[in-house]
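Presented below is the structure to which this report refers.
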Amino acid sequence: MIKIPASFHSVTATILHIIGIPVFFIGFVLIYESQWMLRYTDIGPGSTINTLLLASILIGVETISRITMLFIDQRNRMNWWQYTFWTLGEIFVFSCFAALYMALLYGDLGYFPALGECLRMSFATISYPYINFALLIAVIKPDEDKVAEEDLVRFADSTGRLKLVIAHDVILYIEAQENYVSVHYMEGTTHKEYSLRQSMRGIEDLMDKHGIIRCQRSYFVNPRHVKVLRRDKEGMIQAELDVLNSKPVPVSPKYYEQLSKML
């Protein structure tokens with residue numbers, strides 16, 4: 001499955017959502033003067049206060065949501081469909097709190113009628129900055145997606161010559177093949193393989209440094225890409241990866257507990 005760019009979890013993207021979307025909301029409500037505003041924010045002395053309070057709720061939802069997303073991204077970057085549902089969830093949660101505020105503000109207004117109106121208004125307004133910010137973040141992606149030096153894995157052959165440099169989070173697994181090790185990794189949406197004249201023992205310290213762990217005598221696996229551990233019909237434990245059409249990686253009982261704790 002296609003992952004979202006790393007720039008979607010950058011500081012720039014986080015600030016854009018936490019500040020930019022509420023600012024857009026305030027501008028839309030106070031300038032455009034929609035029918036929703038006429039009904040729920042009471043044009044007149046209280047309209048600006050009500051709008052600012054609703055924007056404060058939106059800031060709170062965005063802050064909690066985006067910080068949580070940053071923590072999740074440290075383990076496993078979201079797919080596009082996961083990110084889409086996450087953003088829709090942000091709009092829904094904001095609508096729920098906005099409806100509660102409106103229902104309390106107007107005693108004769110029920111919660112669920114207010115929720116319906118809030119959902120309609122939210123999706124009709126703040127969906128625009130979500131789309132525009134996504135396009136903007138995609139434009140700045142080349143600068144934001146630069147891999148930090150400490151995140152690069154430098155593979156050298158048995159003579160010490162540097163052969164392959166890749167980011168640790170694109171590595172899927174490493175397989176021993178006689179006098180070689182085969183590094184399986186993702187380049188964009190393509191599964192690639194690189195054979196390196198090296199031993200498993202020779203790269204063990206390097207793998208430990210980057211959080212890629214041994215799961216069987218002939219395999220290292222990247223826990224960031226392990227979707228589930230399961231037993232096959234023969235009772236053998238296998239790690240299924242989050243990459244389409246990737247073969248499962250065998251896991252020996254000796255390493256099962258360590259790997260399961262990291263998922």
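By convention here, the chains of the structure tokens are called A, B, ... in the order presented, each chain's residues are numbered starting at 1, and ligands are numbered starting at 1 in the order presented.
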
* To do: Would you list the contacts of A:Cys96 as a PyMOL selection string, taking every protein, DNA or RNA residue within 9 Å and counting only C-alpha atoms, but skipping same-chain residues closer than 5 positions in sequence?
  => chain A and resi 91+101+111+114-115+118-119

* Asked: DSSP says strand (DSSP E or B) for which residues of stretch 29-201 of chain A? Put them as a ChimeraX atom specification?
  -> /A:79,152-156,162-167,171-177,180-187,190-196

Please produce a file of the residues just selected, as a compact mmCIF listing (two decimals), in the first residue's frame, where the atoms kept are C-alpha atoms.
```
# COMPACT_ATOMS: atom_id res chain seq x y z
CA ASN A 79 -1.23 4.71 4.14
CA LEU A 152 20.70 6.15 6.84
CA VAL A 153 21.92 2.56 6.83
CA ARG A 154 25.32 2.16 5.16
CA PHE A 155 25.91 -1.36 3.88
CA ALA A 156 29.53 -2.33 3.17
CA LEU A 162 30.48 0.90 0.76
CA LYS A 163 27.87 -0.64 -1.53
CA LEU A 164 24.40 0.57 -0.53
CA VAL A 165 23.02 3.54 1.45
CA ILE A 166 19.28 3.60 2.21
CA ALA A 167 16.92 4.91 4.90
CA ILE A 171 14.14 -1.80 4.62
CA LEU A 172 11.71 -4.72 4.76
CA TYR A 173 13.92 -7.69 5.63
CA ILE A 174 17.37 -9.15 5.03
CA GLU A 175 17.94 -12.74 4.00
CA ALA A 176 21.12 -14.82 4.11
CA GLN A 177 22.09 -16.52 0.85
CA TYR A 180 25.77 -13.08 0.46
CA VAL A 181 22.99 -11.23 2.22
CA SER A 182 20.01 -10.03 0.23
CA VAL A 183 18.60 -6.67 1.31
CA HIS A 184 14.91 -6.27 0.48
CA TYR A 185 13.68 -2.67 0.53
CA MET A 186 11.12 -0.29 -0.95
CA GLU A 187 11.94 2.39 -3.50
CA THR A 190 8.57 -0.79 -5.89
CA HIS A 191 9.96 -3.75 -3.97
CA LYS A 192 13.70 -4.03 -4.69
CA GLU A 193 16.46 -6.45 -3.74
CA TYR A 194 20.21 -5.89 -3.43
CA SER A 195 22.72 -8.71 -2.96
CA LEU A 196 25.77 -7.90 -0.87
```

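Atom pair atom CA of A:Asp242 / atom CA of A:Met262: separated by 15.2 Å.
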
* Residues within 9 Å of A:Thr12, only C-alpha atoms, excluding chain neighbours under 4 positions, as a list in words ->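 Counting only the stated atoms, we get Ser7, Phe8, Leu16, His17, Ile137 and Glu144 of chain A.
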
* **Straight-line distance linking atom CA of A:Leu206 with atom CA of A:Arg224, stated in Å to one decimal** =>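 Interatomic distance, atom CA of A:Leu206 to atom CA of A:Arg224: 16.5 Å.
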
* Asked: Looking at only C-alpha atoms, which of A:Val249, A:Leu53, A:Ile21, A:Ile67 is the one that sits closest to A:Leu105?
  ->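 So, comparing all the options, the nearest one is A:Leu53.
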
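Omitting A:Leu241 and its sequence neighbours fewer than 4 positions away, and counting only C-alpha atoms, the residues within 8 Å are Leu172, His225, Val226, Lys227, Val228, Ser246, Lys247, Pro248 and Val249 of chain A.
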
* Show which residues sit within 7 Å of A:Pro250, as a ChimeraX atom specification. Count only C-alpha atoms, and ignore same-chain residues fewer than 3 positions away. => /A:216,237-239

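Neighbours of A:Ile72 closer than or equal to 12 Å, with only C-alpha atoms counted and sequence neighbours fewer than 4 positions away skipped, come out as His9, Ser65, Arg66, Ile67, Thr68, Asn76, Arg77, Met78, Asn79, Gln82, Tyr83, Trp86, Arg224 and Leu263 of chain A.
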
Could you save those same residues with N, CA and C atoms as a JSON list (two decimals), in the first residue's frame?
```json
[["chain", "number", "residue", "atom", "x", "y", "z"],
["A", 9, "HIS", "N", 3.88, 14.68, 7.96],
["A", 9, "HIS", "CA", 4.04, 14.66, 9.42],
["A", 9, "HIS", "C", 5.15, 15.61, 9.86],
["A", 65, "SER", "N", -4.97, 15.75, 17.76],
["A", 65, "SER", "CA", -4.94, 14.80, 16.65],
["A", 65, "SER", "C", -3.58, 14.76, 15.98],
["A", 66, "ARG", "N", -3.02, 15.93, 15.68],
["A", 66, "ARG", "CA", -1.75, 15.98, 14.93],
["A", 66, "ARG", "C", -0.56, 15.51, 15.77],
["A", 67, "ILE", "N", -0.57, 15.79, 17.06],
["A", 67, "ILE", "CA", 0.51, 15.30, 17.92],
["A", 67, "ILE", "C", 0.43, 13.78, 18.04],
["A", 68, "THR", "N", -0.80, 13.26, 18.18],
["A", 68, "THR", "CA", -0.98, 11.80, 18.21],
["A", 68, "THR", "C", -0.49, 11.18, 16.91],
["A", 76, "ASN", "N", 5.15, 3.63, 12.34],
["A", 76, "ASN", "CA", 4.73, 3.16, 11.02],
["A", 76, "ASN", "C", 3.94, 4.25, 10.32],
["A", 77, "ARG", "N", 4.47, 4.70, 9.18],
["A", 77, "ARG", "CA", 3.80, 5.78, 8.46],
["A", 77, "ARG", "C", 2.47, 5.32, 7.89],
["A", 78, "MET", "N", 1.48, 6.21, 7.92],
["A", 78, "MET", "CA", 0.14, 5.87, 7.47],
["A", 78, "MET", "C", 0.07, 5.65, 5.96],
["A", 79, "ASN", "N", -0.87, 4.80, 5.54],
["A", 79, "ASN", "CA", -1.23, 4.71, 4.14],
["A", 79, "ASN", "C", -2.17, 5.86, 3.80],
["A", 82, "GLN", "N", -5.63, 5.45, 5.30],
["A", 82, "GLN", "CA", -5.63, 5.68, 6.74],
["A", 82, "GLN", "C", -5.60, 7.18, 7.04],
["A", 83, "TYR", "N", -4.78, 7.90, 6.29],
["A", 83, "TYR", "CA", -4.69, 9.35, 6.49],
["A", 83, "TYR", "C", -6.02, 10.02, 6.14],
["A", 86, "TRP", "N", -8.39, 9.45, 8.91],
["A", 86, "TRP", "CA", -7.96, 10.22, 10.08],
["A", 86, "TRP", "C", -8.44, 11.66, 9.97],
["A", 224, "ARG", "N", 9.01, -2.18, 11.78],
["A", 224, "ARG", "CA", 8.14, -1.10, 11.29],
["A", 224, "ARG", "C", 7.21, -1.58, 10.19],
["A", 263, "LEU", "N", 5.79, -4.84, 18.30],
["A", 263, "LEU", "CA", 4.68, -4.54, 17.38],
["A", 263, "LEU", "C", 3.61, -3.72, 18.08]]
```

* Structure fact -> Across A:Phe71, A:Ser199, A:Ala99, A:Arg161, the smallest distance to A:Glu178, with only C-alpha atoms counted, is shown by A:Ser199

* To do: Using DSSP on the backbone coordinates, identify the residues of stretch 143-178 of chain A assigned to helix (DSSP H, G or I); present them as a list in words.
  =>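 The helix (DSSP H, G or I) residues within stretch 143-178 of chain A come out as Asp143, Glu144, Glu149, Glu150, Asp151, His168, Asp169 and Val170 of chain A.
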
Store the residues of this selection in a file with N, CA, C and O atoms, as a PDB file, in the first residue's frame.
```pdb
ATOM      1  N   ASP A 143      12.018  19.092   0.012  1.00  0.00           N
ATOM      2  CA  ASP A 143      12.799  19.618   1.128  1.00  0.00           C
ATOM      3  C   ASP A 143      12.486  18.906   2.423  1.00  0.00           C
ATOM      4  O   ASP A 143      13.352  18.677   3.251  1.00  0.00           O
ATOM      5  N   GLU A 144      11.209  18.567   2.633  1.00  0.00           N
ATOM      6  CA  GLU A 144      10.782  17.986   3.908  1.00  0.00           C
ATOM      7  C   GLU A 144      11.129  16.513   4.019  1.00  0.00           C
ATOM      8  O   GLU A 144      11.206  15.969   5.108  1.00  0.00           O
ATOM      9  N   GLU A 149      20.754  12.075   8.626  1.00  0.00           N
ATOM     10  CA  GLU A 149      21.973  11.277   8.495  1.00  0.00           C
ATOM     11  C   GLU A 149      21.928  10.037   9.382  1.00  0.00           C
ATOM     12  O   GLU A 149      22.347   8.938   8.971  1.00  0.00           O
ATOM     13  N   GLU A 150      21.397  10.181  10.610  1.00  0.00           N
ATOM     14  CA  GLU A 150      21.372   9.039  11.533  1.00  0.00           C
ATOM     15  C   GLU A 150      20.357   7.969  11.123  1.00  0.00           C
ATOM     16  O   GLU A 150      20.382   6.855  11.661  1.00  0.00           O
ATOM     17  N   ASP A 151      19.473   8.301  10.182  1.00  0.00           N
ATOM     18  CA  ASP A 151      18.478   7.334   9.715  1.00  0.00           C
ATOM     19  C   ASP A 151      18.958   6.540   8.503  1.00  0.00           C
ATOM     20  O   ASP A 151      18.240   5.675   8.006  1.00  0.00           O
ATOM     21  N   HIS A 168      16.590   3.655   6.935  1.00  0.00           N
ATOM     22  CA  HIS A 168      16.251   2.434   7.701  1.00  0.00           C
ATOM     23  C   HIS A 168      14.781   2.053   7.583  1.00  0.00           C
ATOM     24  O   HIS A 168      14.434   0.880   7.658  1.00  0.00           O
ATOM     25  N   ASP A 169      13.885   3.072   7.377  1.00  0.00           N
ATOM     26  CA  ASP A 169      12.460   2.733   7.371  1.00  0.00           C
ATOM     27  C   ASP A 169      11.985   2.135   6.048  1.00  0.00           C
ATOM     28  O   ASP A 169      10.835   1.689   5.956  1.00  0.00           O
ATOM     29  N   VAL A 170      12.829   2.106   5.005  1.00  0.00           N
ATOM     30  CA  VAL A 170      12.413   1.479   3.743  1.00  0.00           C
ATOM     31  C   VAL A 170      12.861   0.025   3.672  1.00  0.00           C
ATOM     32  O   VAL A 170      12.449  -0.707   2.775  1.00  0.00           O
TER      33      VAL A 170
END
```

* Asked: Which residues come within 9 Å of A:Arg217, counting only C-alpha atoms, excluding same-chain residues fewer than 4 positions away, as a ChimeraX atom specification?
  -> /A:176,200,251-252

* Find the residue from A:Phe97, A:Thr87, A:Phe112, A:Ile15 that sits nearest to A:Leu54; use only C-alpha atoms when measuring. =>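 Of the candidates, the smallest distance to A:Leu54 is held by A:Phe97.
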
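For the pair atom CA of A:Met121 and atom CA of A:Leu135, the interatomic distance is 22.4 Å.
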